[in-house]
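The next block holds one structure in the form of structure tokens; read it before the comments.
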Amino acid sequence: MIKAIAILVALLISPFCAAGKPVAGQATPKLAAEWWQWAMSTPRDESPVADLSGANCSKNQSGSTWFLAGGFGSSKIRRTCTIPAGKTLFFPLINMVYMPARGVKSITCEDTKAAAALNNDTALDLFAELDGKPISNPRQYRISSQTCFDAFARQPASMQPYKAFPSATDGFWLLLKPLPPGTHTLKFGGKYNRESAGYGRMVQDIEYVLLVQ
């Protein structure tokens with residue numbers, strides 16, 4: 001009888017044990033590029049990345065994957081975000097993007113890939129925590145662009161975008177399985193440890209209260 005009860009409890013719990021854990025092999029450089037295109041797709045006053053409350057977290061979301069933002073530069077931000085049930089969650093613990101300035105044509109894809117990687121080579125204190133439980137070994141989830149992309153590809157004409165190719169990104173990213181309906185707390189971040197004016201000392205400390213409905 002005890003063994004039967006234990007099996008029943010395991011069956012009841014197991015769907016929820018899987019939720020919120022990294023989906024191995026699913027996070028890709030393509031998804032990281034799409035995250036940056038999403039992050040750059042709104043004016044600053046509507047940006048989910050610049051947003052300090054979570055009010056803009058639903059901006060330009062589409063498909064089965066829901067993007068969560070960090071911050072521009074060093075950031076300590078607490079947001080509340082309502083998310084439809086059934087969405088996978090994709091977000092950077094800390095990351096960089098490099099792209100050519102308007103009118104610059106001499107930079108190559110290899111140049112931007114190398115520049116995006118520099119700070120991540122010496123990243124420290126990477127962390128991710130879901131509902132009080134740490135996600136182990138976040139360093140293993142580093143993603144680097146394999147091919148370059150246009151970071152402004154989703155910007156509307158009203159933002160007067162230029163073709164920001166070749167853009168490249170590098171960083172530490174997590175893709176989480178859909179969370180059960182209810183309220184969840186997600187914390188993530190990290191820091192860079194490099195002598196550089198290009199965000200070499202950037203620190204990210206982000207917390208979300210996620211209302212899954």
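Please note that chains go A, B, ... in the order of the structure tokens, that every chain numbers its residues from 1, and that ligands are numbered from 1 in the order shown.
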
Excluding Ser158 (chain A) and any residue of its chain fewer than 6 positions from it, enumerate the residues within 12 Å of it, using only C-alpha atoms, and give them as an NGL selection string. :A and (41-43)

Write the selection just made, keeping N, CA, C and O atoms, as an mmCIF file, in the first residue's frame?
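Here's the written file result_13.cif:
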```
data_model
loop_
_atom_site.group_PDB
_atom_site.id
_atom_site.type_symbol
_atom_site.label_atom_id
_atom_site.label_comp_id
_atom_site.auth_asym_id
_atom_site.auth_seq_id
_atom_site.Cartn_x
_atom_site.Cartn_y
_atom_site.Cartn_z
ATOM 1 N N SER A 41 12.494 46.255 -31.074
ATOM 2 C CA SER A 41 11.348 46.490 -31.952
ATOM 3 C C SER A 41 10.406 47.588 -31.494
ATOM 4 O O SER A 41 9.395 47.848 -32.148
ATOM 5 N N THR A 42 10.708 48.254 -30.365
ATOM 6 C CA THR A 42 9.832 49.297 -29.842
ATOM 7 C C THR A 42 10.632 50.549 -29.517
ATOM 8 O O THR A 42 11.832 50.472 -29.213
ATOM 9 N N PRO A 43 9.981 51.710 -29.528
ATOM 10 C CA PRO A 43 10.652 52.930 -29.057
ATOM 11 C C PRO A 43 11.023 52.804 -27.579
ATOM 12 O O PRO A 43 10.469 51.966 -26.851
#
```

For Leu89 (chain A): contacts at 8 Å, only C-alpha atoms, fewer than 4 positions along chain excluded, given as a PyMOL selection string: chain A and resi 65-68+174-178

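Residue nearest Asp51 (chain A) within the list A:Lys187, A:Lys113, A:Lys76, A:Lys105: A:Lys76 [criterion: smallest interatomic distance, only C-alpha atoms].
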
Coordinates-based distance that separates CA of Ser106 (chain A) from CA of Phe72 (chain A) (Å, one decimal): 26.1 Å

Enumerate, as a short mmCIF file (atom, residue, chain, number, x, y, z; two decimals) with N, CA, C and O atoms, in the first residue's frame, the complete set of residues in chain A that a backbone-based DSSP assignment places in strand (DSSP E).
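Just written: out.cif:
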```cif
data_model
loop_
_atom_site.label_atom_id
_atom_site.label_comp_id
_atom_site.auth_asym_id
_atom_site.auth_seq_id
_atom_site.Cartn_x
_atom_site.Cartn_y
_atom_site.Cartn_z
N THR A 65 6.90 31.00 -27.74
CA THR A 65 7.96 31.39 -26.81
C THR A 65 7.76 32.84 -26.38
O THR A 65 7.56 33.72 -27.21
N TRP A 66 7.82 33.07 -25.08
CA TRP A 66 7.65 34.40 -24.49
C TRP A 66 9.02 34.90 -24.05
O TRP A 66 9.72 34.25 -23.30
N PHE A 67 9.40 36.09 -24.54
CA PHE A 67 10.69 36.67 -24.19
C PHE A 67 10.57 37.49 -22.91
O PHE A 67 9.61 38.25 -22.73
N SER A 75 21.79 46.89 -14.35
CA SER A 75 20.36 47.04 -14.02
C SER A 75 19.99 46.18 -12.82
O SER A 75 20.40 45.01 -12.73
N LYS A 76 19.24 46.78 -11.91
CA LYS A 76 18.59 46.04 -10.83
C LYS A 76 17.11 46.37 -10.94
O LYS A 76 16.69 47.48 -10.59
N ILE A 77 16.31 45.42 -11.43
CA ILE A 77 14.93 45.70 -11.80
C ILE A 77 14.01 44.62 -11.24
O ILE A 77 14.37 43.43 -11.26
N ARG A 78 12.84 45.03 -10.75
CA ARG A 78 11.81 44.12 -10.28
C ARG A 78 10.54 44.37 -11.09
O ARG A 78 10.01 45.48 -11.09
N ARG A 79 10.06 43.35 -11.80
CA ARG A 79 8.91 43.50 -12.68
C ARG A 79 7.83 42.49 -12.32
O ARG A 79 8.12 41.41 -11.80
N THR A 80 6.59 42.82 -12.69
CA THR A 80 5.48 41.89 -12.62
C THR A 80 4.92 41.73 -14.03
O THR A 80 4.69 42.73 -14.72
N CYS A 81 4.76 40.49 -14.47
CA CYS A 81 4.37 40.22 -15.85
C CYS A 81 3.32 39.12 -15.90
O CYS A 81 3.50 38.06 -15.29
N THR A 82 2.22 39.38 -16.61
CA THR A 82 1.19 38.36 -16.83
C THR A 82 1.49 37.64 -18.14
O THR A 82 1.68 38.27 -19.18
N ILE A 83 1.53 36.31 -18.08
CA ILE A 83 1.92 35.49 -19.22
C ILE A 83 0.84 34.44 -19.49
O ILE A 83 0.35 33.79 -18.56
N THR A 88 6.71 28.77 -23.44
CA THR A 88 8.08 28.62 -22.96
C THR A 88 8.64 30.02 -22.71
O THR A 88 8.19 30.99 -23.32
N LEU A 89 9.61 30.12 -21.83
CA LEU A 89 10.19 31.41 -21.46
C LEU A 89 11.66 31.43 -21.88
O LEU A 89 12.40 30.49 -21.59
N PHE A 90 12.06 32.52 -22.51
CA PHE A 90 13.44 32.65 -22.98
C PHE A 90 13.98 34.00 -22.55
O PHE A 90 13.34 35.04 -22.76
N PHE A 91 15.19 34.00 -21.95
CA PHE A 91 15.74 35.24 -21.42
C PHE A 91 17.24 35.10 -21.21
O PHE A 91 17.77 33.99 -21.04
N PRO A 92 17.96 36.23 -21.20
CA PRO A 92 19.40 36.21 -20.94
C PRO A 92 19.70 36.48 -19.47
O PRO A 92 19.13 37.39 -18.86
N LEU A 93 20.61 35.70 -18.90
CA LEU A 93 21.12 36.05 -17.57
C LEU A 93 21.94 37.32 -17.68
O LEU A 93 21.80 38.24 -16.86
N ILE A 94 22.78 37.36 -18.67
CA ILE A 94 23.55 38.55 -19.04
C ILE A 94 24.05 38.31 -20.46
O ILE A 94 24.34 37.17 -20.83
N ASN A 95 24.10 39.35 -21.27
CA ASN A 95 24.52 39.14 -22.66
C ASN A 95 24.94 40.45 -23.30
O ASN A 95 24.73 41.53 -22.75
N MET A 96 25.53 40.32 -24.48
CA MET A 96 25.96 41.48 -25.25
C MET A 96 25.47 41.34 -26.69
O MET A 96 25.29 40.23 -27.19
N VAL A 97 25.28 42.48 -27.33
CA VAL A 97 25.04 42.51 -28.76
C VAL A 97 25.95 43.57 -29.37
O VAL A 97 26.22 44.60 -28.73
N TYR A 98 26.48 43.29 -30.54
CA TYR A 98 27.28 44.28 -31.27
C TYR A 98 26.72 44.39 -32.68
O TYR A 98 26.30 43.40 -33.28
N LEU A 124 31.02 36.49 -14.35
CA LEU A 124 31.04 35.97 -12.98
C LEU A 124 29.64 35.90 -12.41
O LEU A 124 28.72 36.58 -12.87
N ASP A 125 29.50 35.09 -11.37
CA ASP A 125 28.30 35.10 -10.52
C ASP A 125 27.01 34.95 -11.31
O ASP A 125 26.00 35.62 -11.01
N LEU A 126 27.01 34.10 -12.31
CA LEU A 126 25.78 33.84 -13.06
C LEU A 126 24.79 33.09 -12.17
O LEU A 126 25.17 32.17 -11.45
N PHE A 127 23.52 33.49 -12.23
CA PHE A 127 22.53 32.80 -11.41
C PHE A 127 21.15 32.86 -12.05
O PHE A 127 20.83 33.77 -12.82
N ALA A 128 20.36 31.86 -11.72
CA ALA A 128 18.94 31.84 -12.07
C ALA A 128 18.23 31.04 -11.00
O ALA A 128 18.71 29.98 -10.58
N GLU A 129 17.09 31.55 -10.58
CA GLU A 129 16.36 30.93 -9.47
C GLU A 129 14.87 31.00 -9.77
O GLU A 129 14.34 32.08 -10.06
N LEU A 130 14.21 29.88 -9.72
CA LEU A 130 12.77 29.82 -9.97
C LEU A 130 12.06 29.34 -8.72
O LEU A 130 12.34 28.25 -8.21
N LYS A 133 14.24 28.05 -6.00
CA LYS A 133 15.13 26.93 -6.29
C LYS A 133 16.12 27.32 -7.38
O LYS A 133 15.71 27.69 -8.48
N PRO A 134 17.42 27.25 -7.11
CA PRO A 134 18.41 27.64 -8.12
C PRO A 134 18.45 26.65 -9.28
O PRO A 134 18.27 25.44 -9.09
N ARG A 142 25.69 29.06 -22.31
CA ARG A 142 26.20 30.15 -23.15
C ARG A 142 25.82 29.91 -24.61
O ARG A 142 25.89 28.79 -25.12
N ILE A 143 25.41 30.99 -25.26
CA ILE A 143 25.04 30.94 -26.67
C ILE A 143 25.79 32.05 -27.39
O ILE A 143 25.81 33.20 -26.93
N SER A 144 26.40 31.72 -28.52
CA SER A 144 27.10 32.70 -29.36
C SER A 144 26.54 32.64 -30.77
O SER A 144 26.20 31.56 -31.27
N ALA A 168 25.66 40.65 -33.98
CA ALA A 168 25.97 39.37 -33.35
C ALA A 168 25.74 39.49 -31.85
O ALA A 168 25.90 40.57 -31.27
N THR A 169 25.37 38.40 -31.23
CA THR A 169 25.16 38.39 -29.78
C THR A 169 25.90 37.23 -29.15
O THR A 169 26.22 36.23 -29.81
N ASP A 170 26.17 37.38 -27.87
CA ASP A 170 26.85 36.35 -27.10
C ASP A 170 26.43 36.53 -25.65
O ASP A 170 26.33 37.66 -25.16
N GLY A 171 26.16 35.43 -24.96
CA GLY A 171 25.77 35.54 -23.57
C GLY A 171 25.28 34.22 -23.02
O GLY A 171 25.50 33.16 -23.59
N PHE A 172 24.60 34.31 -21.89
CA PHE A 172 24.11 33.13 -21.18
C PHE A 172 22.59 33.20 -21.13
O PHE A 172 22.02 34.16 -20.58
N TRP A 173 21.94 32.22 -21.71
CA TRP A 173 20.49 32.27 -21.95
C TRP A 173 19.82 31.02 -21.42
O TRP A 173 20.39 29.92 -21.50
N LEU A 174 18.60 31.17 -20.92
CA LEU A 174 17.82 30.03 -20.48
C LEU A 174 16.49 29.96 -21.22
O LEU A 174 15.86 30.99 -21.46
N LEU A 175 16.10 28.76 -21.55
CA LEU A 175 14.78 28.48 -22.11
C LEU A 175 14.08 27.56 -21.12
O LEU A 175 14.54 26.43 -20.88
N LEU A 176 13.00 28.03 -20.52
CA LEU A 176 12.28 27.26 -19.52
C LEU A 176 10.99 26.69 -20.08
O LEU A 176 10.30 27.34 -20.86
N GLY A 182 -0.58 30.08 -12.17
CA GLY A 182 -0.37 30.57 -10.81
C GLY A 182 0.69 31.65 -10.79
O GLY A 182 1.09 32.19 -11.83
N THR A 183 1.18 31.96 -9.60
CA THR A 183 2.19 33.00 -9.40
C THR A 183 3.55 32.37 -9.16
O THR A 183 3.70 31.46 -8.34
N HIS A 184 4.54 32.86 -9.89
CA HIS A 184 5.90 32.33 -9.78
C HIS A 184 6.88 33.49 -9.66
O HIS A 184 6.63 34.60 -10.17
N THR A 185 8.01 33.25 -9.02
CA THR A 185 9.07 34.24 -8.91
C THR A 185 10.31 33.72 -9.64
O THR A 185 10.77 32.60 -9.38
N LEU A 186 10.82 34.53 -10.55
CA LEU A 186 12.02 34.19 -11.31
C LEU A 186 13.07 35.26 -11.08
O LEU A 186 12.79 36.46 -11.25
N LYS A 187 14.27 34.85 -10.70
CA LYS A 187 15.38 35.77 -10.50
C LYS A 187 16.56 35.32 -11.36
O LYS A 187 16.82 34.12 -11.46
N PHE A 188 17.26 36.27 -11.95
CA PHE A 188 18.42 35.90 -12.76
C PHE A 188 19.37 37.08 -12.92
O PHE A 188 18.99 38.24 -12.73
N GLY A 189 20.59 36.77 -13.30
CA GLY A 189 21.57 37.84 -13.53
C GLY A 189 22.99 37.31 -13.57
O GLY A 189 23.24 36.11 -13.70
N GLY A 190 23.92 38.23 -13.47
CA GLY A 190 25.34 37.93 -13.52
C GLY A 190 26.11 39.23 -13.64
O GLY A 190 25.53 40.32 -13.65
N LYS A 191 27.43 39.11 -13.74
CA LYS A 191 28.25 40.31 -13.88
C LYS A 191 29.43 40.03 -14.79
O LYS A 191 29.88 38.89 -14.95
N VAL A 203 26.51 44.76 -14.54
CA VAL A 203 25.89 43.84 -13.58
C VAL A 203 24.39 43.78 -13.87
O VAL A 203 23.74 44.82 -14.01
N GLN A 204 23.86 42.57 -13.96
CA GLN A 204 22.42 42.37 -14.14
C GLN A 204 21.85 41.65 -12.92
O GLN A 204 22.40 40.63 -12.49
N ASP A 205 20.77 42.19 -12.38
CA ASP A 205 20.07 41.59 -11.24
C ASP A 205 18.57 41.81 -11.48
O ASP A 205 18.05 42.88 -11.18
N ILE A 206 17.93 40.81 -12.03
CA ILE A 206 16.54 40.95 -12.49
C ILE A 206 15.63 40.00 -11.73
O ILE A 206 15.98 38.84 -11.50
N GLU A 207 14.46 40.49 -11.36
CA GLU A 207 13.45 39.65 -10.70
C GLU A 207 12.09 39.87 -11.35
O GLU A 207 11.70 41.01 -11.61
N TYR A 208 11.41 38.78 -11.62
CA TYR A 208 10.05 38.82 -12.15
C TYR A 208 9.10 38.11 -11.22
O TYR A 208 9.39 37.00 -10.74
N VAL A 209 7.94 38.72 -11.00
CA VAL A 209 6.78 38.01 -10.49
C VAL A 209 5.95 37.66 -11.72
O VAL A 209 5.47 38.56 -12.42
N LEU A 210 5.83 36.38 -12.02
CA LEU A 210 5.16 35.92 -13.23
C LEU A 210 3.78 35.40 -12.88
O LEU A 210 3.63 34.47 -12.07
N LEU A 211 2.77 36.01 -13.47
CA LEU A 211 1.39 35.59 -13.26
C LEU A 211 0.97 34.78 -14.48
O LEU A 211 0.68 35.34 -15.54
N VAL A 212 0.98 33.48 -14.36
CA VAL A 212 0.67 32.59 -15.48
C VAL A 212 -0.81 32.27 -15.47
O VAL A 212 -1.32 31.72 -14.49
#
```

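The residue set within 10 Å of Glu34 (chain A), counting only C-alpha atoms and dropping same-chain residues fewer than 6 places from it, reads Thr28, Met40, Phe67, Phe149, Asp150, Ala151, Ala153 and Arg154 of chain A.
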
Those residues you just picked out, can you put them in a file as a PDB file, in the first residue's frame with N, CA, C and O atoms?
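And here's result_32.pdb as it stands now:
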```pdb
ATOM      1  N   THR A  28      18.853  28.283 -28.884  1.00  0.00           N
ATOM      2  CA  THR A  28      19.720  28.327 -30.064  1.00  0.00           C
ATOM      3  C   THR A  28      20.183  29.750 -30.359  1.00  0.00           C
ATOM      4  O   THR A  28      19.562  30.723 -29.910  1.00  0.00           O
ATOM      5  N   MET A  40      14.638  45.254 -29.707  1.00  0.00           N
ATOM      6  CA  MET A  40      14.849  46.499 -30.442  1.00  0.00           C
ATOM      7  C   MET A  40      13.619  46.932 -31.240  1.00  0.00           C
ATOM      8  O   MET A  40      13.694  47.903 -32.002  1.00  0.00           O
ATOM      9  N   PHE A  67       9.396  36.092 -24.540  1.00  0.00           N
ATOM     10  CA  PHE A  67      10.687  36.672 -24.190  1.00  0.00           C
ATOM     11  C   PHE A  67      10.569  37.490 -22.908  1.00  0.00           C
ATOM     12  O   PHE A  67       9.610  38.255 -22.728  1.00  0.00           O
ATOM     13  N   PHE A 149      23.008  38.725 -38.005  1.00  0.00           N
ATOM     14  CA  PHE A 149      21.610  39.071 -38.247  1.00  0.00           C
ATOM     15  C   PHE A 149      21.459  40.579 -38.229  1.00  0.00           C
ATOM     16  O   PHE A 149      22.406  41.310 -37.913  1.00  0.00           O
ATOM     17  N   ASP A 150      20.281  41.052 -38.550  1.00  0.00           N
ATOM     18  CA  ASP A 150      19.941  42.473 -38.506  1.00  0.00           C
ATOM     19  C   ASP A 150      19.144  42.723 -37.229  1.00  0.00           C
ATOM     20  O   ASP A 150      17.994  42.307 -37.120  1.00  0.00           O
ATOM     21  N   ALA A 151      19.750  43.377 -36.248  1.00  0.00           N
ATOM     22  CA  ALA A 151      19.094  43.603 -34.964  1.00  0.00           C
ATOM     23  C   ALA A 151      17.856  44.476 -35.075  1.00  0.00           C
ATOM     24  O   ALA A 151      16.974  44.437 -34.206  1.00  0.00           O
ATOM     25  N   ALA A 153      15.575  44.359 -37.542  1.00  0.00           N
ATOM     26  CA  ALA A 153      14.691  43.789 -38.555  1.00  0.00           C
ATOM     27  C   ALA A 153      13.210  43.948 -38.218  1.00  0.00           C
ATOM     28  O   ALA A 153      12.369  43.987 -39.126  1.00  0.00           O
ATOM     29  N   ARG A 154      12.861  44.044 -36.942  1.00  0.00           N
ATOM     30  CA  ARG A 154      11.455  44.157 -36.546  1.00  0.00           C
ATOM     31  C   ARG A 154      11.033  45.586 -36.223  1.00  0.00           C
ATOM     32  O   ARG A 154       9.903  45.817 -35.806  1.00  0.00           O
TER      33      ARG A 154
END
```

From A:Phe165, A:Phe152, A:Trp36, A:Tyr199, residue lying nearest Gly73 (chain A) [only C-alpha atoms]: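 Result for the nearest residue to Gly73 (chain A): A:Tyr199.
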
Would you please give, as a PyMOL selection string, all residues of region 10-115 of chain A that DSSP assigns to alpha helix (DSSP H) based on the backbone? chain A and resi 10-18+29-39+109-115

Quick one: everything within 10 Å of Ala101 (chain A), counting only C-alpha atoms, minus sequence neighbours fewer than 6 positions away in the same chain. Send it as number ranges by chain. A: 107, 162-165

Just to be explicit: take each residue in the selection above, keep C-alpha atoms, and write the result as a compact mmCIF listing (two decimals), in the first residue's frame.
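New file selection06.txt:
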```
# COMPACT_ATOMS: atom_id res chain seq x y z
CA ILE A 107 32.79 45.87 -40.13
CA TYR A 162 18.74 51.18 -40.82
CA LYS A 163 19.94 47.72 -41.76
CA ALA A 164 22.03 46.76 -38.72
CA PHE A 165 23.83 43.89 -40.38
```

Rounded to one decimal place, report the CA of Asp121 (chain A)-CA of Asn193 (chain A) distance in Å.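 Distance reported for this atom pair: 8.9 Å.
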
So which one's closest to Trp35 (chain A), A:Ser62, A:Gln140, A:Ser74, A:Asn120? Using only C-alpha atoms, please.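 When distances to Trp35 (chain A) are compared using only C-alpha atoms, the smallest one comes from A:Ser62.
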
For CA of Gln37 (chain A) and CA of Cys57 (chain A), determine how far apart the two atoms are, in Å to one decimal place. 14.7 Å

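Counting only C-alpha atoms, the residue from A:Gln61, A:Ser145, A:Asn137, A:Gln160 that sits nearest to Ala27 (chain A) is A:Ser145.
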